[in-house]
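Below is one structure; the comments refer to it alone.
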Amino acid sequence: METSQRDELASFLTVLPPVDFCCVYGSTLHPNNQDKSKMVDYILGVSDPMQWHSQNLKMNSDHYASWMVHLGGARLITQVADKVGVGVHFNPFVSWNDRKLKYGVVRMNDLVQDILDWNRFYLSGRLQKPVHLLVDNLDIQEDVNSVNKRAAVSAALLLLPSKFTEEDLYAKICSLSYMGDLRMLFAEDTNKVNKIVKGQFDLFQSMYKPLLEECETKNLLRFSSAETNLVQDSSLSSSRSLVSSLPASVRSQMRKLLGEKKILSRVSREVCIGSREEAAKCMEKVIKRRVMVSSARQAVSGFLAAGAINATVYLSQKMRKAWNSRS
């Protein structure tokens, strides 16, 4: 991303209360994107959302749905995000410098928890794809998110055949956060994953190439000169190694689905799998369930946070894109 574009995106932060983390994501990151009509998406991490919203209401009350401002203010905004949604409050259709913006506000503790443990698989899924960092006071991208990306590679490898391309791998990583997403049924472009990967292939490569080389060092995969340029070891021992790299809460849920009798060791809490296919299906079931619940909760929370008019406009735009992708 060019310095001028970065400065333009960062300038929006000057009208908001301070944040500990900020990234921009979506089509804004496409190298050839010059379309200023598309909404720019921000994620903002703050230590205390209620305090932050209280300050922001004094500065930018027009960013919020009027009913939330008048009926409960910062407390209601935070409660809806935490109790109804998955801890993220979004303000869409914010006008700034001839652009339309959408920004989501999340508690830093919740952000870190989801990145490390996939307990909601919401923002963790977002950060498995390319984002552009504007603020990272706690080194989330370098330290915490490296664990998330490593787990994403392991999950994707479990779901892929023995031979595949680099693009196949990034598409599978990208698809993890859409498995079970209710929006994919009626309000998302069916070609979304392929468009994301093709449009940002170089960014995916810079994110994941070091982790692929790490996997090669561990003999989990190797680079080939053939058209399917990656070959992975599909043995049971390699599969177990991949499962061990998944977040603890995912492995815990897999143990429950596989049955306590299949726990290899109650001390080490390893998941004992009978076959690679069994592990892949079990993991996929766990992730789908989490994504489905989170997407449903966030959809309701987003409708309340945006207000009826904005929510209807946003949904109609999403459905139009979904319809166009199917026709």
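Convention: chains lettered A, B, ... in structure tokens order; per-chain residue numbering from 1; ligands numbered from 1 as shown.
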- Task: Quick one: pick out all alpha helix (DSSP H) residues within range 56-285 of chain A from a backbone DSSP run and write them as a PyMOL selection string.
- Result: chain A and resi 56-60+66-71+73-79+108-117+123-126+145-159+166-175+183-186+192-199+201-217+236-244+248-258+276-285
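Using only C-alpha atoms, the residues found no farther than 9 Å from range 59-62 of chain A, other than those of its own chain fewer than 3 positions away, are Val15, Leu16, Pro17, Gln55, Asn56, Ala65, Ser66, Val69 and Val94 of chain A.
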- Message: Just checking: using only C-alpha atoms, which residue out of A:Ser235, A:Ala226, A:Arg75, A:Pro130 ends up closest to Gln200 in chain A?
- Response: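 Closest to Gln200 in chain A, using only C-alpha atoms: A:Pro130.
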- Item | Distance criterion (only C-alpha atoms): nearest to Leu101 in chain A out of A:Glu2, A:Asp202, A:Glu8, A:Asp41 | A:Asp41
- Item | Test item: residues at most 8 Å from Leu169 in chain A, only C-alpha atoms, excluding those fewer than 6 positions along its chain, as number ranges by chain | A: 153, 156-157, 160
- Query: Quick one, how far is CA of Tyr122 in chain A from CA of Leu246 in chain A?
  - Reply: 15.8 Å
- Which of range 25-266 of chain A DSSP labels strand (DSSP E or B), written as a ChimeraX atom specification: /A:25,40-46,88-96,99-107,132-136,163-164,221-223,230-232,263-265
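Across the structure, CA of Pro49 in chain A and CA of Val105 in chain A are spaced 7.1 Å apart.
Among the candidates A:Met108, A:Asp168, A:Lys163, A:Leu230, the residue lying nearest to Phe201 in chain A is A:Asp168 (atoms considered: only C-alpha atoms).
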- Query: Which polymer residues have any atom within 12 Å of an atom of Val147 in chain A, counting only C-alpha atoms, with same-chain residues fewer than 6 positions away left out, as a VMD selection string?
  - Reply: chain A and resid 112 to 118 124 127 to 128 140 to 141 153 to 154 208 211 245 to 248
- Item | Near-Ala155 in chain A list (12 Å; only C-alpha atoms; drop same-chain fewer than 4 positions) as a PyMOL selection string | chain A and resi 118+125+128+148-151+159-160+169-170+172-177+239-247+250-251+276+279-287
- Task: Could you tell me how far CA of Lys38 in chain A lies from CA of Asp98 in chain A, in Å and to one decimal?
- Result: 10.8 Å
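Shortest atom-to-atom contact with Gln51 in chain A among A:Gly199, A:Gly26, A:Pro18, A:Gly274: A:Pro18, counting only C-alpha atoms.
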- Residues at most 9 Å from Val231 in chain A, counting only C-alpha atoms, excluding those fewer than 2 positions away in the same chain, as number ranges by chain? A: 161-165, 220-224, 228-229, 233
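When only C-alpha atoms are used to compute distances to Ser206 in chain A, the closest of the residues A:Arg297, A:Lys129, A:Arg255, A:Lys288 turns out to be A:Lys129.
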